[in-house]
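**Student:** Mind looking over this structure? Questions follow.
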Amino acid sequence: MSLIKVTVDDKTYEVENGSLLIDLLIQEDVHVPYFCYHKALGADGNCRMCMVEIEGQKRPQIACDTPVKDGMIVYSKGNKLPIKKIRKDILELELINHPVDCPVCDQAGECSLQEYYMEYGLHESHMYGLEKVLLRKKIDIGSNVLLDQERCVLCARCTRFTDKITHTHELGIVGRGDEACVTVMPGRRLDNPYAMNVVDLCPVGALTSKDFRFVQRVWFLDSNESVCTGCAKNCSIYIDHNKLKYQDEKIYRFRPRENKDVNGFFICDEGRLSYKKLFEDRVLNSSHVNEKDIIKSSIEKASNIAILVGASLFNEEIEMVKEFAHKISASLYCPQDIYIDEEFEDDMLRSKYKVANIKTIQNMGIKDSLPKAYDLVINFDHPSVVHVDAKEIISFQTYKNDLESTLTIPIASYVEKSGSFTNIDGVTQHVDKVIECDKKTKTISEWFERLEL
Amino acid sequence: MRDARLVSKRFSLENSHTLKVAKENGVYDEALKRAYSLEPLEIIEIIKQSGLRGKGGGGAPAGDKWELMPQDDDKPSFLAVNCDESEPGTFKDRQIISKDPHLLIEGILITCRAIKARHAYIYIRGEYKQFQDILQSAIDEAYADGLLKECDITIHRGAGAYICGEKSALLESMEGKRGHPRLKPKQKECEWYFGNPTLVNNVETIASVPYIIEHGAEGYREYGTEKSPGTMLFAMSGHVKNPGVYEVEFGTGMLDYIEHFGGGILDDKKLKAVIPGGASTDILTADEVKVAKLDYESMRSIGSALGTGGMIVMDEDTNMVEALKNLLEFYHEESCGQCTPCREGTGWSNKLVGKILDGKGSSEDIDKLLEISDTMNGKTICVFAPAVSSVINSFIKKFRDEFEAYNKEALI
């Protein structure tokens, strides 16, 4: 790897020889419009929007297909060439057959075409007296994805995704010229575990998610960084949520967040839709109001105690539970079998452990099962009922389960608290609290404080 | 005008497509013997010295292209012969494959020896079924005669897309994908077919090779000009008395050619314009045709290009707006749809000229056409859009008054 010097708009940068100019521009926040380029998919060079001027070249060049060279001088806004006008003209061509239905388009607010129009276009239509090309709208192509061929800018990100990333080849472009359109291959449906990523990849409103469409306008959403806890991969995501007047705080969608150490650019559909389960089957209230007295007396009268700890807890919480176990001389264990789904695992992102923090349980050497029966088992968010052989059970849990507990205490889900998870590859990610939890639901540390444990 | 039939000399013989007639008239003889006595690099050197230029439209020196093929590579090399011939006004390759297919096969054998290829593909446009059958039977005859021991020849039939005549789109199509031109490499290199080094040449280029090998570079240079040596099959269609394909040497005057072979303009009308080298070259006015010479440099100096050498002749009664509309309908249909400027620009300009023809246009529409053509020029992956751009530009610049005559105000 050798570093070379490239000058962009009078600023000099050191970059790796042969890397793409557009990567440098994106990295250094030099504004450049583009539809087809995507880091995960590489250059395709079809949208022609990322035109820049390079000294010594008489024609404008697309930054996505230009490897940097030592001493290259780039004018992102043009020096001798009217780059702004060129981008405007190409954008106008992109728009002539576009329905311009932003007010009813679900992509509005996060649409590249709309943003670039506001930046470069702002012109009246020159299409008076001419008919637009009409194509098919609202095609259900499968996997919760709806296709509107008229809004499509034919950047081919979606088809390249199914060709290069999932290798499932469901999508293709058919037809020539302005009749060219994206479609599913004959007799097929978009059907792979990562299919919904095409919705994020689509820079315009051509591919929208049935799950999110018309549910919220994106400008009313707050976005927070978080991770997906659908499996032990802990894919980095954004959680889009808001709190409308007189309503509870609500999560509307998960979107993948680029993280080269964990998930790259994508997430699986199951993980993406796992937000729905966050508030299902929740334990909302303690089963008894005098939790403190019950726990105290139970611990006092039990001659042997086991603590069941779940892999859905944060590293800090597992540590805390471990300390607590030590304090009351209890045995700590976490049966892992219940989390395993061999069929779920694939060679892309999905791990067979369908829980976030199994790595920490393994790293800490927490036992998988206990050999004997106990007087008291205190459960911290483990879903297991299989191996509990106890006279009495006290359970701190987020979701309902079949444990016959003497006392059930609700705890917050991971989006309602802060902490860290370590994924199956050993990467630890900190997760901030995204939304406020219900007053009666507390985090484990809050309960420890309140119950004086 | 001297006889310069180097490629077309057997075209008028009866049954010229059969192996028997071909062999009796010198195919598979001296040229092949000489080629087999030469080393590959020596053949390439002769082609370089001869100055043979690609006859598919671009006119790039063939030898330079051959030289880019690796001589010692683990991967197999391929030759792809471009017989997609879909440029409007061009119909020379089909004459070669139907009148003298064995000349092409001989050329392929020599070329494959030079680039060390063991397999040649002939990419033929789907509409050429009857010519393909003739070519296939010639190949079968050559196989039966044991001529194709050194290399195999396979015909690959295209599905009729214009853009598949572009060399990288042709290879994409041959690989079974959509015929989309590839992004251009950053340095000079050969083409790639399934990742293997490949040479793509036009039928006529390959058919010119045997003469050069037989008579040497100097023999070829006896014809033509210094920079455009040799001959070319020029095709002529439109308002002429004898349309057809006639081989002449480079440097011949365009008007001489039209009068000598074409017998002048149909019904003895006046000449109005000529599209010189297939539809995608700048149209020439009658005055320009008078000075035009049929070679690459002269054509460039008068602001057009030699292209494929397929001339479309138009008489004084031709409506230039309708002529442009006709061409734009073709380009609108044939744009592959990959790059935005071309995909949308061809359709829009076609619609705009339609609007002008309907009498609903205005001067702004004509200016908008020029603006669209400017956006299409030099901003796409391949040269399709720049060609459309130059067609629109040349029609409007040279015949703007005819476009203005259709304007709303003018019609009232």
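Within each chain, counting starts at residue 1; across the structure tokens, chains are named A, B, ... in the order shown, with ligands numbered 1 upward in that order.
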Please find the residues of chain A near chain B - the criterion being any atom within 8 Å, counting only C-alpha atoms - and write them as a list in words.
**Tutor:**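 Listing them in order of chain and number gives Asp44, Gly45, Asn46, Cys47, Arg48, Arg59, Pro60, Gln61, Asp65, Ile86, Asp89, Ile90, Leu93, Glu94, Ile96, Asn97, Gly129, Leu130, Leu154, Gly175, Arg176, Gly177, Asp178, Glu179 and Ala180 of chain A.
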**Student:** Residues near Glu214 (chain B), anyone? I mean within 7 Å using only C-alpha atoms, not counting same-chain ones fewer than 5 positions away, as a PDB file with N, CA and C atoms, in the first residue's frame.
**Tutor:**
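The resulting out.pdb:
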```pdb
ATOM      1  N   GLU B  30      -1.870 -18.994 -51.224  1.00  0.00           N
ATOM      2  CA  GLU B  30      -0.633 -18.276 -50.931  1.00  0.00           C
ATOM      3  C   GLU B  30      -0.650 -17.605 -49.551  1.00  0.00           C
ATOM      4  N   ALA B  31      -1.762 -16.892 -49.293  1.00  0.00           N
ATOM      5  CA  ALA B  31      -1.842 -16.135 -48.037  1.00  0.00           C
ATOM      6  C   ALA B  31      -1.679 -17.062 -46.841  1.00  0.00           C
ATOM      7  N   ARG B  34       1.865 -18.538 -46.584  1.00  0.00           N
ATOM      8  CA  ARG B  34       2.803 -17.526 -46.084  1.00  0.00           C
ATOM      9  C   ARG B  34       2.590 -17.331 -44.574  1.00  0.00           C
TER      10      ARG B  34
END
```
**Student:** Could you pull out the strand (DSSP E or B) residues of region 210-317 of chain A from DSSP and send them as a ChimeraX atom specification?
**Tutor:** /A:222-227,236-243,249-256,259,264,282,305-309
**Student:** Go ahead and save the residues from that selection, with N, CA and C atoms, as a short mmCIF file (atom, residue, chain, number, x, y, z; two decimals), in the first residue's frame.
**Tutor:**
```
data_model
loop_
_atom_site.label_atom_id
_atom_site.label_comp_id
_atom_site.auth_asym_id
_atom_site.auth_seq_id
_atom_site.Cartn_x
_atom_site.Cartn_y
_atom_site.Cartn_z
N ASP A 222 -37.06 10.23 14.81
CA ASP A 222 -35.73 10.39 15.39
C ASP A 222 -34.97 9.11 15.12
N SER A 223 -33.68 9.27 14.92
CA SER A 223 -32.86 8.11 14.59
C SER A 223 -31.77 7.95 15.63
N ASN A 224 -31.65 6.74 16.16
CA ASN A 224 -30.56 6.48 17.09
C ASN A 224 -29.75 5.27 16.66
N GLU A 225 -28.47 5.33 17.01
CA GLU A 225 -27.62 4.18 16.70
C GLU A 225 -27.89 3.09 17.73
N SER A 226 -27.93 1.86 17.25
CA SER A 226 -28.11 0.75 18.18
C SER A 226 -27.61 -0.52 17.51
N VAL A 227 -27.95 -1.67 18.07
CA VAL A 227 -27.62 -2.93 17.41
C VAL A 227 -28.86 -3.81 17.38
N SER A 236 -25.03 -3.70 13.41
CA SER A 236 -25.24 -2.29 13.76
C SER A 236 -26.44 -1.75 13.00
N ILE A 237 -27.28 -1.05 13.70
CA ILE A 237 -28.49 -0.53 13.06
C ILE A 237 -28.78 0.90 13.52
N TYR A 238 -29.71 1.50 12.81
CA TYR A 238 -30.35 2.72 13.30
C TYR A 238 -31.75 2.32 13.73
N ILE A 239 -32.17 2.86 14.83
CA ILE A 239 -33.56 2.65 15.23
C ILE A 239 -34.31 3.95 14.97
N ASP A 240 -35.31 3.89 14.12
CA ASP A 240 -36.12 5.07 13.82
C ASP A 240 -37.39 5.02 14.64
N HIS A 241 -37.60 6.07 15.40
CA HIS A 241 -38.72 6.04 16.34
C HIS A 241 -39.23 7.45 16.56
N ASN A 242 -40.37 7.58 17.19
CA ASN A 242 -40.83 8.89 17.63
C ASN A 242 -41.91 8.74 18.69
N LYS A 243 -42.25 9.87 19.27
CA LYS A 243 -43.33 9.86 20.26
C LYS A 243 -44.32 10.93 19.83
N GLU A 249 -44.20 6.18 23.06
CA GLU A 249 -43.03 6.17 22.18
C GLU A 249 -43.09 4.90 21.31
N LYS A 250 -42.80 5.04 20.02
CA LYS A 250 -42.97 3.88 19.15
C LYS A 250 -41.78 3.73 18.21
N ILE A 251 -41.38 2.49 17.99
CA ILE A 251 -40.31 2.23 17.03
C ILE A 251 -40.96 1.82 15.71
N TYR A 252 -40.49 2.43 14.61
CA TYR A 252 -41.11 2.16 13.30
C TYR A 252 -40.28 1.27 12.40
N ARG A 253 -38.99 1.34 12.58
CA ARG A 253 -38.18 0.47 11.73
C ARG A 253 -36.74 0.38 12.22
N PHE A 254 -36.07 -0.69 11.80
CA PHE A 254 -34.63 -0.84 11.97
C PHE A 254 -34.02 -0.66 10.59
N ARG A 255 -32.91 0.06 10.52
CA ARG A 255 -32.17 0.17 9.25
C ARG A 255 -30.72 -0.21 9.51
N PRO A 256 -30.06 -0.87 8.57
CA PRO A 256 -28.67 -1.23 8.80
C PRO A 256 -27.78 0.01 8.89
N ASN A 259 -20.94 -0.76 9.40
CA ASN A 259 -19.92 -1.06 10.41
C ASN A 259 -19.07 -2.19 9.86
N GLY A 264 -20.86 -4.97 8.00
CA GLY A 264 -20.66 -4.35 6.69
C GLY A 264 -21.74 -3.31 6.46
N ARG A 282 -44.82 -8.36 26.74
CA ARG A 282 -43.96 -7.81 27.80
C ARG A 282 -44.58 -8.05 29.17
N ILE A 305 -29.07 -21.70 46.67
CA ILE A 305 -29.68 -20.81 45.68
C ILE A 305 -28.91 -20.93 44.36
N ALA A 306 -29.65 -20.94 43.24
CA ALA A 306 -29.00 -20.85 41.92
C ALA A 306 -29.49 -19.60 41.21
N ILE A 307 -28.60 -19.04 40.41
CA ILE A 307 -29.01 -17.88 39.64
C ILE A 307 -28.89 -18.19 38.16
N LEU A 308 -30.00 -17.96 37.48
CA LEU A 308 -30.08 -18.23 36.05
C LEU A 308 -29.90 -16.87 35.35
N VAL A 309 -28.90 -16.79 34.49
CA VAL A 309 -28.67 -15.50 33.84
C VAL A 309 -28.88 -15.63 32.33
#
```
**Student:** Just the alpha helix (DSSP H) stuff from region 230-421 of chain A, please, per backbone DSSP, written as JSON, numbers by chain.
**Tutor:** {"A": [269, 270, 271, 272, 291, 292, 293, 294, 295, 296, 297, 298, 299, 300, 301, 315, 316, 317, 318, 319, 320, 321, 322, 323, 324, 325, 326, 327, 358, 359, 360, 361, 362, 363]}
**Student:** Could you write those residues out with N, CA and C atoms, as an mmCIF file, in the first residue's frame?
**Tutor:**
```
data_model
loop_
_atom_site.group_PDB
_atom_site.id
_atom_site.type_symbol
_atom_site.label_atom_id
_atom_site.label_comp_id
_atom_site.auth_asym_id
_atom_site.auth_seq_id
_atom_site.Cartn_x
_atom_site.Cartn_y
_atom_site.Cartn_z
ATOM 1 N N ASP A 269 -33.469 -9.785 7.014
ATOM 2 C CA ASP A 269 -34.863 -9.352 7.134
ATOM 3 C C ASP A 269 -35.455 -9.697 8.493
ATOM 4 N N GLU A 270 -35.086 -10.860 9.013
ATOM 5 C CA GLU A 270 -35.650 -11.252 10.298
ATOM 6 C C GLU A 270 -35.232 -10.268 11.390
ATOM 7 N N GLY A 271 -33.946 -9.884 11.332
ATOM 8 C CA GLY A 271 -33.450 -8.898 12.283
ATOM 9 C C GLY A 271 -34.121 -7.558 12.090
ATOM 10 N N ARG A 272 -34.282 -7.186 10.840
ATOM 11 C CA ARG A 272 -34.905 -5.898 10.517
ATOM 12 C C ARG A 272 -36.324 -5.802 11.091
ATOM 13 N N GLU A 291 -42.193 -6.629 46.555
ATOM 14 C CA GLU A 291 -41.104 -7.433 45.999
ATOM 15 C C GLU A 291 -39.951 -7.614 46.987
ATOM 16 N N LYS A 292 -39.597 -6.480 47.656
ATOM 17 C CA LYS A 292 -38.424 -6.477 48.529
ATOM 18 C C LYS A 292 -38.548 -7.530 49.642
ATOM 19 N N ASP A 293 -39.725 -7.557 50.312
ATOM 20 C CA ASP A 293 -39.934 -8.506 51.416
ATOM 21 C C ASP A 293 -39.873 -9.945 50.918
ATOM 22 N N ILE A 294 -40.501 -10.200 49.767
ATOM 23 C CA ILE A 294 -40.530 -11.574 49.253
ATOM 24 C C ILE A 294 -39.117 -12.051 48.953
ATOM 25 N N ILE A 295 -38.332 -11.210 48.261
ATOM 26 C CA ILE A 295 -36.979 -11.629 47.901
ATOM 27 C C ILE A 295 -36.147 -11.859 49.154
ATOM 28 N N LYS A 296 -36.230 -10.876 50.075
ATOM 29 C CA LYS A 296 -35.454 -11.004 51.331
ATOM 30 C C LYS A 296 -35.742 -12.327 52.020
ATOM 31 N N SER A 297 -37.034 -12.612 52.242
ATOM 32 C CA SER A 297 -37.380 -13.818 52.993
ATOM 33 C C SER A 297 -37.032 -15.078 52.207
ATOM 34 N N SER A 298 -37.226 -15.033 50.914
ATOM 35 C CA SER A 298 -36.891 -16.206 50.115
ATOM 36 C C SER A 298 -35.410 -16.531 50.204
ATOM 37 N N ILE A 299 -34.577 -15.469 50.074
ATOM 38 C CA ILE A 299 -33.132 -15.706 50.130
ATOM 39 C C ILE A 299 -32.744 -16.227 51.511
ATOM 40 N N GLU A 300 -33.377 -15.647 52.549
ATOM 41 C CA GLU A 300 -33.010 -16.057 53.911
ATOM 42 C C GLU A 300 -33.365 -17.508 54.191
ATOM 43 N N LYS A 301 -34.534 -17.923 53.722
ATOM 44 C CA LYS A 301 -34.937 -19.284 54.087
ATOM 45 C C LYS A 301 -34.340 -20.367 53.172
ATOM 46 N N ASN A 315 -23.318 -6.718 28.938
ATOM 47 C CA ASN A 315 -22.113 -7.184 29.629
ATOM 48 C C ASN A 315 -22.103 -6.729 31.083
ATOM 49 N N GLU A 316 -22.416 -5.441 31.281
ATOM 50 C CA GLU A 316 -22.370 -4.832 32.623
ATOM 51 C C GLU A 316 -23.368 -5.518 33.548
ATOM 52 N N GLU A 317 -24.524 -5.870 32.951
ATOM 53 C CA GLU A 317 -25.563 -6.494 33.776
ATOM 54 C C GLU A 317 -25.179 -7.919 34.156
ATOM 55 N N ILE A 318 -24.587 -8.630 33.218
ATOM 56 C CA ILE A 318 -24.174 -10.003 33.522
ATOM 57 C C ILE A 318 -23.127 -9.977 34.640
ATOM 58 N N GLU A 319 -22.236 -8.987 34.545
ATOM 59 C CA GLU A 319 -21.197 -8.805 35.567
ATOM 60 C C GLU A 319 -21.845 -8.552 36.937
ATOM 61 N N MET A 320 -22.839 -7.704 36.899
ATOM 62 C CA MET A 320 -23.541 -7.343 38.127
ATOM 63 C C MET A 320 -24.240 -8.557 38.741
ATOM 64 N N VAL A 321 -24.867 -9.357 37.883
ATOM 65 C CA VAL A 321 -25.554 -10.557 38.353
ATOM 66 C C VAL A 321 -24.539 -11.539 38.941
ATOM 67 N N LYS A 322 -23.379 -11.592 38.275
ATOM 68 C CA LYS A 322 -22.335 -12.498 38.763
ATOM 69 C C LYS A 322 -21.868 -12.079 40.171
ATOM 70 N N GLU A 323 -21.693 -10.786 40.345
ATOM 71 C CA GLU A 323 -21.287 -10.273 41.665
ATOM 72 C C GLU A 323 -22.342 -10.577 42.722
ATOM 73 N N PHE A 324 -23.578 -10.412 42.294
ATOM 74 C CA PHE A 324 -24.694 -10.678 43.204
ATOM 75 C C PHE A 324 -24.702 -12.155 43.615
ATOM 76 N N ALA A 325 -24.463 -13.025 42.624
ATOM 77 C CA ALA A 325 -24.415 -14.459 42.913
ATOM 78 C C ALA A 325 -23.314 -14.766 43.921
ATOM 79 N N HIS A 326 -22.176 -14.109 43.717
ATOM 80 C CA HIS A 326 -21.052 -14.302 44.623
ATOM 81 C C HIS A 326 -21.423 -13.857 46.044
ATOM 82 N N LYS A 327 -22.102 -12.704 46.101
ATOM 83 C CA LYS A 327 -22.483 -12.119 47.390
ATOM 84 C C LYS A 327 -23.404 -13.032 48.190
ATOM 85 N N ILE A 358 -24.346 -14.014 23.819
ATOM 86 C CA ILE A 358 -23.904 -15.368 24.167
ATOM 87 C C ILE A 358 -22.388 -15.419 24.344
ATOM 88 N N LYS A 359 -21.674 -14.564 23.603
ATOM 89 C CA LYS A 359 -20.206 -14.566 23.662
ATOM 90 C C LYS A 359 -19.722 -14.240 25.067
ATOM 91 N N THR A 360 -20.387 -13.281 25.693
ATOM 92 C CA THR A 360 -19.961 -12.900 27.043
ATOM 93 C C THR A 360 -20.225 -14.042 28.029
ATOM 94 N N ILE A 361 -21.370 -14.692 27.867
ATOM 95 C CA ILE A 361 -21.669 -15.859 28.716
ATOM 96 C C ILE A 361 -20.560 -16.905 28.557
ATOM 97 N N GLN A 362 -20.170 -17.132 27.300
ATOM 98 C CA GLN A 362 -19.114 -18.126 27.041
ATOM 99 C C GLN A 362 -17.773 -17.649 27.570
ATOM 100 N N ASN A 363 -17.472 -16.378 27.339
ATOM 101 C CA ASN A 363 -16.190 -15.826 27.793
ATOM 102 C C ASN A 363 -16.057 -15.895 29.310
#
```
**Student:** For region 45-58 of chain B, list every protein, DNA or RNA residue within 6 Å, evaluated using only C-alpha atoms, and leave out those in the same chain fewer than 3 positions away; present the list as an mmCIF file with C-alpha atoms, in the first residue's frame.
**Tutor:**
```cif
data_model
loop_
_atom_site.group_PDB
_atom_site.id
_atom_site.type_symbol
_atom_site.label_atom_id
_atom_site.label_comp_id
_atom_site.auth_asym_id
_atom_site.auth_seq_id
_atom_site.Cartn_x
_atom_site.Cartn_y
_atom_site.Cartn_z
ATOM 1 C CA GLU B 42 5.896 -11.353 -37.653
ATOM 2 C CA PRO B 61 -5.132 0.779 -36.393
ATOM 3 C CA ALA B 62 -5.755 -2.978 -36.310
ATOM 4 C CA GLY B 63 -2.125 -3.897 -35.644
ATOM 5 C CA ASN B 202 -14.957 -6.261 -37.748
ATOM 6 C CA THR B 205 -10.996 -5.986 -41.167
ATOM 7 C CA ALA B 217 2.385 -4.428 -46.276
ATOM 8 C CA GLY B 307 -17.557 5.548 -39.961
ATOM 9 C CA THR B 308 -18.601 2.289 -41.533
#
```
**Student:** Return the single residue from B:Ile163, B:Phe194, B:Lys99, B:Ser390 that is closest to Pro181 (chain B), with distances computed using only C-alpha atoms.
**Tutor:**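 Nearest candidate to Pro181 (chain B) out of B:Ile163, B:Phe194, B:Lys99, B:Ser390: B:Ile163.
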**Student:** Need to verify the contact set: Lys433 (chain A), 9 Å, only C-alpha atoms, exclusion of same-chain residues closer than 5 positions in sequence. Can you return it as a count of residues only?
**Tutor:** 8
**Student:** Find the spatial neighbours of Lys227 (chain B), counting only C-alpha atoms, within a cut-off of 9 Å - ignore same-chain residues fewer than 3 positions away - and output them as number ranges by chain.
**Tutor:** B: 51, 224, 295-297
**Student:** Write the residues of the preceding selection, restricted to C-alpha atoms, as a tab-separated table (two decimals), in the first residue's frame.
**Tutor:**
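After the write, again-v8.tsv holds the following:
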```tsv
chain	number	residue	atom	x	y	z
B	51	GLY	CA	-1.56	0.42	-41.66
B	224	GLY	CA	-5.25	4.38	-50.51
B	295	ASP	CA	-10.64	8.56	-46.14
B	296	TYR	CA	-10.53	9.03	-42.39
B	297	GLU	CA	-8.49	12.23	-42.35
```
**Student:** Just give me the gap between CA of Val289 (chain A) and CA of Lys391 (chain A) in Å, one decimal is fine.
**Tutor:**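 Computed distance, CA of Val289 (chain A) to CA of Lys391 (chain A), equals 21.2 Å.
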**Student:** Between A:Leu370, A:Leu349, A:Leu201, A:Ala330, which residue has the minimum interatomic distance to Asn263 (chain A), considering only C-alpha atoms?
**Tutor:**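 Ranked by minimum distance to Asn263 (chain A), first place goes to A:Leu349.
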**Student:** So how far away is CA of Lys39 (chain A) from CA of Glu53 (chain A), in Å?
**Tutor:**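 CA of Glu53 (chain A) sits 21.7 Å away from CA of Lys39 (chain A).
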**Student:** Quick one: residues within 7 Å of Glu204 (chain B), only C-alpha atoms counted, chain neighbours fewer than 3 positions away excluded, as a list in words?
**Tutor:** Lys55, Asp93, Ala207 and Ser208 of chain B
**Student:** Which of these residues is nearest to Asp438 (chain A), using only C-alpha atoms: A:Ile378, A:Ile394, A:Met49, A:Val283?
**Tutor:**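 Among A:Ile378, A:Ile394, A:Met49, A:Val283, it is A:Val283 that comes nearest to Asp438 (chain A).
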**Student:** Which residues are near region 301-306 of chain B? Cut-off 6 Å, only C-alpha atoms, ignore same chain within fewer than 3 positions. Put them as a PyMOL selection string.
**Tutor:** chain B and resi 277+281-282+296+298+309
